[in-house]
4 protein chains.
Amino acid sequence: MAKKTSKTARKNKIIETALKIFAEKGFADATISEISKAAGVSDATVYEYFKTKEDLLFTIPEEITEEPAKDMEKILPFLRGAECKLRAIVQGYMTLYEMNPNYTALVMLQLKTNRNFLKTKSYEKVRSIAQMLLRCIQEGIDNGTFHKDIDPYLVRSMILGTIEHLCIRRHLLGAPTNLVEHVDPLVDMILGGIRVQAQPKSISVHLHIADDGQTKVEPGNTAEDT
Amino acid sequence: MAKKTSKTARKNKIIETALKIFAEKGFADATISEISKAAGVSDATVYEYFKTKEDLLFTIPEEITEEPAKDMEKILPFLRGAECKLRAIVQGYMTLYEMNPNYTALVMLQLKTNRNFLKTKSYEKVRSIAQMLLRCIQEGIDNGTFHKDIDPYLVRSMILGTIEHLCIRRHLLGAPTNLVEHVDPLVDMILGGIRVQAQPKSISVHLHIADDGQTKVEPGNTAEDT
Amino acid sequence: MAKKTSKTARKNKIIETALKIFAEKGFADATISEISKAAGVSDATVYEYFKTKEDLLFTIPEEITEEPAKDMEKILPFLRGAECKLRAIVQGYMTLYEMNPNYTALVMLQLKTNRNFLKTKSYEKVRSIAQMLLRCIQEGIDNGTFHKDIDPYLVRSMILGTIEHLCIRRHLLGAPTNLVEHVDPLVDMILGGIRVQAQPKSISVHLHIADDGQTKVEPGNTAEDT
Amino acid sequence: MAKKTSKTARKNKIIETALKIFAEKGFADATISEISKAAGVSDATVYEYFKTKEDLLFTIPEEITEEPAKDMEKILPFLRGAECKLRAIVQGYMTLYEMNPNYTALVMLQLKTNRNFLKTKSYEKVRSIAQMLLRCIQEGIDNGTFHKDIDPYLVRSMILGTIEHLCIRRHLLGAPTNLVEHVDPLVDMILGGIRVQAQPKSISVHLHIADDGQTKVEPGNTAEDT
DNA sequence: AATGAATGAGGGTTCATTCAT
DNA sequence: TATGAATGAACCCTCATTCAT
């Protein structure tokens, strides 16, 4: 009846509500009428903003992914070295997923499943982050940080696959409560698997030559800290 | 009409057909009537064998997973060392998924999504293989092959996540045609990341400067093998 | 629930009911649920027998037209002369429409309007009667009963148009209660307009009274020329 | 926004657009929003001018019929004889319908179908022309031009029914491209069927009994004059 | 006067599931 | 045991219409 809220506010309210309900019950089992009721609008109003139920589904990630993707693009240029960047991207993913459990469930269980999603503008945005990851791996290979003969696509699949697996476990089993704390262990393992000899590490030797003529050699700090 | 086929044969026919159709159209978009028609039975007959549509879905992996799981259990005892076993399990997964695209699509897109599946006998079988993987990682940790401080669950998530990511890519994008050829690159990278020797990659050099003025250099253990 | 009636009986019941309701409220304003309720079946049952609401509509005339069309085909060969046949066909139409007011309303108000109906098997049957009429007019022209230069299509349009106009008036205004009584007036007027000579009616007699007292009678040529 | 057009211009624009769309898609399948968009106004504006969708439909013929009806009323007094007038009216109809295909489709398929239309002011106008036709037939009967025993309503139904049949055929089948060329054939046939001279043909025998004792018989004048 | 925005009301259609035969 | 036949229960979506601005 009354126009209490701005148009975009209404639309966002619908999107938020849909996100919540789609995440909880799954796309197929959620109904528009349930969403509209929860959003405080009528069924018809939902269709004012979204062409179909699926359109509503596909619109959700568009806005959520927008900001993180842009942020990551701003951050990366400030980081030196493929390893740093890679770690940053992984952290970005983990943070995003940890802070948006509903969105995570939606992506993992409803969107990745959906063939039509691949044709979507939303998917383009999602993909853009995945492409940063790929470029970063490629960069590491090109500048000799990573092994020449690794398959960057495989590495990316390892990273994304792991993240997704953790997210799904978390959603369905409640398993790893905390996602971000897996960033370093994960990245370290990945790096351990693709890094060309922990090069610099091997060089750091600390020589302590004592007055007494004794020379004491201590191992360089090569330990990774997790 | 006439009983041309044995009861189990009928049931299997239904399961096979359901697998195909569920994989192609998704659980929600497939209809019982479509499946029954394709299986050459009536709708009602499907309900003779399966309590509900979901029951039919959940029954599918039970039989398919049965044999591979048993095979793996037989094979593992013959293999020495966590690395070997781990490689074998990965190969088992990849082979299973590569040879059964429909089953793979079903697992990746329909079953992993479904909360109810977790309560299923089928899921138990699927889990049993995942548990072998976990035990094998744990074994590596225990006997010093793998780093003490790695999280075996995370490692398993890496392995399974990567496999699943490859499978989904293959299904939706047609991307990696061949799955099995990724076994060694994947396992090697994983091992590179968790193997104990990997740590000391760093070329630790021990300098013993003796009183006698002699300096003795000993090579550290740096062996990496990719 | 219980199968009280045979399958065809059910289908016919639905058709009858639909005929009644479509005729009363119009296709657009009638609802399936209304029809199914009146027919004593469920909505879903209607869709067991008919693919869509429009399919149900189009199926109706098929059966109703079937018999009259066949009857007319049997009758015509027994009639001699285009005029007789034409009169018979008109009587057939009028009788059919007079005895089936609902069907008439359906045809006049719902079907004639509908473009899709033209692609229908039902329409073929309806057309077949109209074609008999056309052939009959053509026959009259060919054998000299009717004027050579009349347009048989126009004549048919006159006949059918008049019939339909009467039917619609009757349905909407209640005007001519009786349709069949218009058969002869209508046909006579039509014949009056197209007959080569107002043949039988005109009693043209030529009297030649000869000198010899003989009176010779010759039939006169009364040909009309338009 | 800006008031670019006068109020009546707006209204007319809506009416014209509605005519077009109703004619093309049918009343039921056309939507207000479609019409308003095509007319360059908002949905709500349509409702400023017309109370309901049906009201809009019913308003359409009012203006279109107005002029032709008045014209015909002016013309008729200049014509002598029922036949002339009848022919003029038929020509009026045919011309109107030939020149306004959308209007014709609307009348034939949407308005004649609609019970509510009968209660409309628009219908009154439409009827007024039909009444002229009736009066003209009656006049012919009264002054002996037409048979005493013909039913003027039936004759009118013949005329209007034929016209309408031709119009519908034209609209749905594209059949007679040209309507006006059917005026004379139609009217001639009608006149042939109802004109008084047709009857006496049969009776008129001219006997010339000559002085010379010869009796000469001449055929009566049965020729129709067109 | 004009409209953007919202919605009530409803309708066609689908399908998993049941049950008498 | 197998199934033809029936349906209850929903759901997505549309649109004429309203009203505050």
# chains A, B, ... in the order shown; residues from 1 in each chain; ligands from 1
$ calpha_fit_rmsd --fixed "chain B" --moving "chain C"
3.7 Å
$ residues_around --residues "DT14 (chain E)" --least-positions-apart "3" --cutoff "10 Å" --atoms "only C-alpha atoms (C1' of nucleotides)" --output "PDB file with N, CA, C and O atoms (P, O5', C5', C4', C3', O3' and C1' of nucleotides), in the first residue's frame"
ATOM      1  N   THR B  31      11.149 -36.179 -13.513  1.00  0.00           N
ATOM      2  CA  THR B  31       9.873 -36.656 -12.973  1.00  0.00           C
ATOM      3  C   THR B  31       9.854 -38.176 -12.943  1.00  0.00           C
ATOM      4  O   THR B  31      10.474 -38.827 -13.781  1.00  0.00           O
TER       5      THR B  31
ATOM      6  N   ALA C  44      -6.810 -32.130 -11.863  1.00  0.00           N
ATOM      7  CA  ALA C  44      -5.748 -32.914 -12.482  1.00  0.00           C
ATOM      8  C   ALA C  44      -6.305 -33.935 -13.466  1.00  0.00           C
ATOM      9  O   ALA C  44      -5.682 -34.242 -14.482  1.00  0.00           O
ATOM     10  N   TYR C  47      -6.710 -32.727 -16.852  1.00  0.00           N
ATOM     11  CA  TYR C  47      -5.442 -32.692 -17.584  1.00  0.00           C
ATOM     12  C   TYR C  47      -4.926 -34.080 -17.929  1.00  0.00           C
ATOM     13  O   TYR C  47      -3.971 -34.216 -18.681  1.00  0.00           O
TER      14      TYR C  47
ATOM     15  P    DA F  10      -0.201 -28.390   0.746  1.00  0.00           P
ATOM     16  O5'  DA F  10       0.607 -27.337  -0.090  1.00  0.00           O
ATOM     17  C5'  DA F  10       0.157 -27.158  -1.393  1.00  0.00           C
ATOM     18  C4'  DA F  10       1.360 -27.183  -2.296  1.00  0.00           C
ATOM     19  C3'  DA F  10       1.881 -25.768  -2.460  1.00  0.00           C
ATOM     20  O3'  DA F  10       3.276 -25.786  -2.610  1.00  0.00           O
ATOM     21  C1'  DA F  10       0.893 -26.594  -4.484  1.00  0.00           C
ATOM     22  P    DC F  11       4.006 -24.465  -2.225  1.00  0.00           P
ATOM     23  O5'  DC F  11       4.612 -24.060  -3.628  1.00  0.00           O
ATOM     24  C5'  DC F  11       4.825 -25.062  -4.627  1.00  0.00           C
ATOM     25  C4'  DC F  11       4.986 -24.367  -5.950  1.00  0.00           C
ATOM     26  C3'  DC F  11       5.328 -22.895  -5.814  1.00  0.00           C
ATOM     27  O3'  DC F  11       6.293 -22.565  -6.772  1.00  0.00           O
ATOM     28  C1'  DC F  11       3.355 -23.131  -7.079  1.00  0.00           C
TER      29       DC F  11
END
$ closest_residue --among "A:Glu164, A:Glu62, A:Glu54, A:Glu83" --to "chain F" --atoms "only C-alpha atoms (C1' of nucleotides)"
A:Glu54
$ residues_around --residues "DG8 (chain F)" --least-positions-apart "3" --cutoff "10 Å" --atoms "only C-alpha atoms (C1' of nucleotides)" --output "short mmCIF file (atom, residue, chain, number, x, y, z; two decimals) with N, CA and C atoms (P, O5', C5', C4', C3', O3' and C1' of nucleotides), in the first residue's frame"
data_model
loop_
_atom_site.label_atom_id
_atom_site.label_comp_id
_atom_site.auth_asym_id
_atom_site.auth_seq_id
_atom_site.Cartn_x
_atom_site.Cartn_y
_atom_site.Cartn_z
N SER C 42 -11.37 -34.20 -10.50
CA SER C 42 -10.42 -33.22 -10.01
C SER C 42 -9.83 -32.44 -11.16
N ASP C 43 -9.26 -31.32 -10.84
CA ASP C 43 -8.58 -30.53 -11.86
C ASP C 43 -7.58 -31.39 -12.62
N ALA C 44 -6.81 -32.13 -11.86
CA ALA C 44 -5.75 -32.91 -12.48
C ALA C 44 -6.31 -33.93 -13.47
P DT E 17 6.90 -38.77 -3.39
"O5'" DT E 17 5.48 -39.48 -3.33
"C5'" DT E 17 4.39 -38.77 -2.74
"C4'" DT E 17 3.09 -39.48 -2.98
"C3'" DT E 17 3.05 -40.98 -2.67
"O3'" DT E 17 2.18 -41.17 -1.58
"C1'" DT E 17 1.86 -40.47 -4.65
#
$ atom_distance --atom1 "CA of Phe146 (chain D)" --atom2 "CA of Leu172 (chain C)"
28.7 Å
$ residues_around --residues "Asp55 (chain D)" --least-positions-apart "6" --cutoff "10 Å" --atoms "only C-alpha atoms (C1' of nucleotides)" --output "compact mmCIF listing (two decimals) with N, CA and C atoms, in the first residue's frame"
# COMPACT_ATOMS: atom_id res chain seq x y z
N TYR D 47 -6.66 4.44 -17.04
CA TYR D 47 -7.79 4.39 -16.12
C TYR D 47 -8.33 5.78 -15.78
N TYR D 49 -9.09 7.73 -18.16
CA TYR D 49 -10.06 7.97 -19.23
C TYR D 49 -11.14 6.90 -19.32
N PHE D 117 -21.86 -6.02 -24.23
CA PHE D 117 -21.85 -5.00 -25.27
C PHE D 117 -23.26 -4.56 -25.63
N THR D 120 -24.72 -1.41 -24.21
CA THR D 120 -23.83 -0.27 -24.38
C THR D 120 -24.40 0.81 -25.29
